[in-house]
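A.B. asks: Dumping the structure here so I can ask a few things about it.
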Amino acid sequence: MIDWINPQSPITEHFTVRDALWLNQWGRLANRGDGLTDATLANIVKTAAWMEKVRGLIGRPIFVRSWYRSRSYNVAIGGAKYSQHMEGNAIDWWTDVDGDGDKDGGDCDQLKALLKPPLVSLGLRMEDNGAGARWIHLDDKPVAPGGRRFFKP
């Protein structure tokens, strides 16, 4: 049972409530007053499950930058109008491959190249946020026929 008000409560083996609900700019966990619904929480659990697969694929810990965002938080930080983060279906994350804290974005470049081929089999999309970006955006929004799994925001 997940305790959605306890930041340390595990969602999966490697992801916690804090990972999923932390609103960094506001310094707190998102809550029901921020628009969390049972459907959104179910999406977060589903996202955590596919992120476990991603973690296994890259063989490294994942550090979450942003997961769930309320509509007002998403606006405040300049997120996309129809961001999948507002549904709990998207995650921005990074990891450190070369030990520099990913100061140069090289780790994310390597990982994006690694993750592009299995996007279809994973059922995921990845944002093409450019070379040297210091995070990776993944979501499971369905791709329309002729659409792209590696997309420009």
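Here's how to read the names in the structure tokens: chain A, B, ... by the order shown, residue numbers from 1 in each chain, ligand numbers from 1 in the order shown.
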Can you pull out every residue from range 37-135 of chain A that DSSP, working from the backbone, puts in helix (DSSP H, G or I), and format the result as an NGL selection string?
C.D. replies: :A and (38-58 or 71-76 or 84-87 or 106-115 or 119-122)
A.B. asks: Enumerate, in order of chain and increasing residue number, the residues of range 28-78 of chain A with an atom no farther than 10 Å from range 115-130 of chain A, each with its shortest atom pair and distance in Å to one decimal, counting only C-alpha atoms, as JSON lines.
C.D. replies:
{"residue": "A:Trp50", "atom": "CA", "partner": "A:Leu122", "partner_atom": "CA", "distance": 7.7}
{"residue": "A:Met51", "atom": "CA", "partner": "A:Leu122", "partner_atom": "CA", "distance": 9.9}
{"residue": "A:Lys53", "atom": "CA", "partner": "A:Leu122", "partner_atom": "CA", "distance": 8.3}
{"residue": "A:Val54", "atom": "CA", "partner": "A:Leu115", "partner_atom": "CA", "distance": 8.2}
{"residue": "A:Leu57", "atom": "CA", "partner": "A:Leu115", "partner_atom": "CA", "distance": 8.4}
{"residue": "A:Ile58", "atom": "CA", "partner": "A:Leu115", "partner_atom": "CA", "distance": 8.3}
A.B. asks: Apply DSSP to the structure's backbone, then extract all residues of chain A labelled strand (DSSP E or B) and return them as an NGL selection string.
C.D. replies: :A and (10 or 16 or 22-23 or 28-29 or 63-66 or 90-94 or 125-127 or 136-139 or 150-151)
A.B. asks: For Ile11 in chain A, please output as a list in words all residues within 8 Å (counting only C-alpha atoms; exclusion window: fewer than 2 positions along the same chain).
C.D. replies: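 After dropping sequence-adjacent residues, the list is Ile2, Ser9, Glu13, His14, Phe15, Thr16, Val17, Val45 and Ala48 of chain A.
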A.B. asks: Which polymer residues have any atom within 10 Å of an atom of Asp92 in chain A, counting only C-alpha atoms, with same-chain residues fewer than 4 positions away left out, as a ChimeraX atom specification?
C.D. replies: /A:62-68,85,126-127,134-139
A.B. asks: Might you pull out every residue within 10 Å of Pro7 in chain A, with only C-alpha atoms counted and same-chain residues fewer than 5 positions away left off, and present them as a PyMOL selection string?
C.D. replies: chain A and resi 16-22+28-29
A.B. asks: Can I get the selected residues back with all heavy atoms, as an mmCIF file, in the first residue's frame?
C.D. replies:
data_model
loop_
_atom_site.group_PDB
_atom_site.id
_atom_site.type_symbol
_atom_site.label_atom_id
_atom_site.label_comp_id
_atom_site.auth_asym_id
_atom_site.auth_seq_id
_atom_site.Cartn_x
_atom_site.Cartn_y
_atom_site.Cartn_z
ATOM 1 N N THR A 16 10.099 6.460 -5.182
ATOM 2 C CA THR A 16 9.322 6.792 -3.987
ATOM 3 C C THR A 16 8.279 7.867 -4.285
ATOM 4 O O THR A 16 8.282 8.501 -5.346
ATOM 5 C CB THR A 16 10.237 7.328 -2.879
ATOM 6 O OG1 THR A 16 10.785 8.592 -3.310
ATOM 7 C CG2 THR A 16 11.345 6.352 -2.513
ATOM 8 N N VAL A 17 7.424 8.096 -3.318
ATOM 9 C CA VAL A 17 6.430 9.164 -3.409
ATOM 10 C C VAL A 17 7.119 10.503 -3.638
ATOM 11 O O VAL A 17 6.668 11.312 -4.439
ATOM 12 C CB VAL A 17 5.543 9.177 -2.144
ATOM 13 C CG1 VAL A 17 4.737 10.457 -2.036
ATOM 14 C CG2 VAL A 17 4.631 7.945 -2.127
ATOM 15 N N ARG A 18 8.246 10.742 -2.974
ATOM 16 C CA ARG A 18 8.948 12.008 -3.180
ATOM 17 C C ARG A 18 9.393 12.159 -4.631
ATOM 18 O O ARG A 18 9.267 13.236 -5.209
ATOM 19 C CB ARG A 18 10.165 12.145 -2.265
ATOM 20 C CG ARG A 18 10.811 13.533 -2.354
ATOM 21 C CD ARG A 18 12.080 13.637 -1.503
ATOM 22 N NE ARG A 18 12.503 14.990 -1.260
ATOM 23 C CZ ARG A 18 13.018 15.828 -2.167
ATOM 24 N NH1 ARG A 18 13.123 15.457 -3.424
ATOM 25 N NH2 ARG A 18 13.388 17.047 -1.834
ATOM 26 N N ASP A 19 9.913 11.104 -5.210
ATOM 27 C CA ASP A 19 10.309 11.152 -6.615
ATOM 28 C C ASP A 19 9.143 11.617 -7.485
ATOM 29 O O ASP A 19 9.318 12.439 -8.383
ATOM 30 C CB ASP A 19 10.769 9.780 -7.117
ATOM 31 C CG ASP A 19 12.069 9.302 -6.507
ATOM 32 O OD1 ASP A 19 12.956 10.136 -6.244
ATOM 33 O OD2 ASP A 19 12.188 8.078 -6.298
ATOM 34 N N ALA A 20 7.973 11.064 -7.231
ATOM 35 C CA ALA A 20 6.819 11.300 -8.097
ATOM 36 C C ALA A 20 6.109 12.617 -7.824
ATOM 37 O O ALA A 20 5.599 13.240 -8.756
ATOM 38 C CB ALA A 20 5.826 10.153 -7.952
ATOM 39 N N LEU A 21 6.054 13.059 -6.587
ATOM 40 C CA LEU A 21 5.181 14.182 -6.232
ATOM 41 C C LEU A 21 5.904 15.460 -5.812
ATOM 42 O O LEU A 21 5.234 16.458 -5.504
ATOM 43 C CB LEU A 21 4.226 13.768 -5.104
ATOM 44 C CG LEU A 21 3.286 12.602 -5.406
ATOM 45 C CD1 LEU A 21 2.358 12.362 -4.219
ATOM 46 C CD2 LEU A 21 2.496 12.839 -6.675
ATOM 47 N N TRP A 22 7.218 15.464 -5.800
ATOM 48 C CA TRP A 22 7.940 16.641 -5.320
ATOM 49 C C TRP A 22 7.836 17.785 -6.331
ATOM 50 O O TRP A 22 8.180 17.638 -7.503
ATOM 51 C CB TRP A 22 9.395 16.317 -5.052
ATOM 52 C CG TRP A 22 10.125 17.453 -4.397
ATOM 53 C CD1 TRP A 22 11.081 18.252 -4.953
ATOM 54 C CD2 TRP A 22 9.947 17.921 -3.065
ATOM 55 N NE1 TRP A 22 11.514 19.182 -4.050
ATOM 56 C CE2 TRP A 22 10.835 19.013 -2.883
ATOM 57 C CE3 TRP A 22 9.123 17.553 -2.014
ATOM 58 C CZ2 TRP A 22 10.912 19.720 -1.680
ATOM 59 C CZ3 TRP A 22 9.207 18.250 -0.817
ATOM 60 C CH2 TRP A 22 10.097 19.318 -0.662
ATOM 61 N N ARG A 28 7.602 21.349 -1.864
ATOM 62 C CA ARG A 28 6.661 20.456 -1.167
ATOM 63 C C ARG A 28 6.160 19.372 -2.098
ATOM 64 O O ARG A 28 6.341 19.444 -3.309
ATOM 65 C CB ARG A 28 5.488 21.236 -0.606
ATOM 66 C CG ARG A 28 4.597 21.877 -1.668
ATOM 67 C CD ARG A 28 3.345 22.502 -1.043
ATOM 68 N NE ARG A 28 2.514 23.170 -2.014
ATOM 69 C CZ ARG A 28 1.621 22.579 -2.801
ATOM 70 N NH1 ARG A 28 1.456 21.269 -2.743
ATOM 71 N NH2 ARG A 28 0.879 23.279 -3.640
ATOM 72 N N LEU A 29 5.505 18.381 -1.475
ATOM 73 C CA LEU A 29 4.838 17.339 -2.249
ATOM 74 C C LEU A 29 3.523 17.867 -2.806
ATOM 75 O O LEU A 29 2.833 18.648 -2.146
ATOM 76 C CB LEU A 29 4.513 16.130 -1.370
ATOM 77 C CG LEU A 29 5.648 15.260 -0.856
ATOM 78 C CD1 LEU A 29 5.089 14.171 0.052
ATOM 79 C CD2 LEU A 29 6.452 14.645 -1.986
#
A.B. asks: Distance CA of Gly88 in chain A-CA of Thr40 in chain A, one decimal place?
C.D. replies: 5.5 Å
A.B. asks: Which residue is closest to Ile44 in chain A? Choose from A:Gly146, A:Gly132, A:Pro10, A:Gly78 and count only C-alpha atoms.
C.D. replies: A:Pro10
A.B. asks: So the first atom is CA of Pro153 in chain A and the second is CA of Asn74 in chain A; what is the distance between them in Å, to one decimal place?
C.D. replies: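 According to the coordinates, CA of Pro153 in chain A and CA of Asn74 in chain A are separated by 14.6 Å.
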A.B. asks: Between A:Glu87, A:Asp96, A:Asp107, A:Asp140, single out the one closest to Ala39 in chain A, counting only C-alpha atoms.
C.D. replies: A:Glu87
A.B. asks: Taking only C-alpha atoms into account, name the residue in A:Ala131, A:Leu114, A:Cys108, A:Ala76 that is nearest to Leu23 in chain A.
C.D. replies: A:Ala76
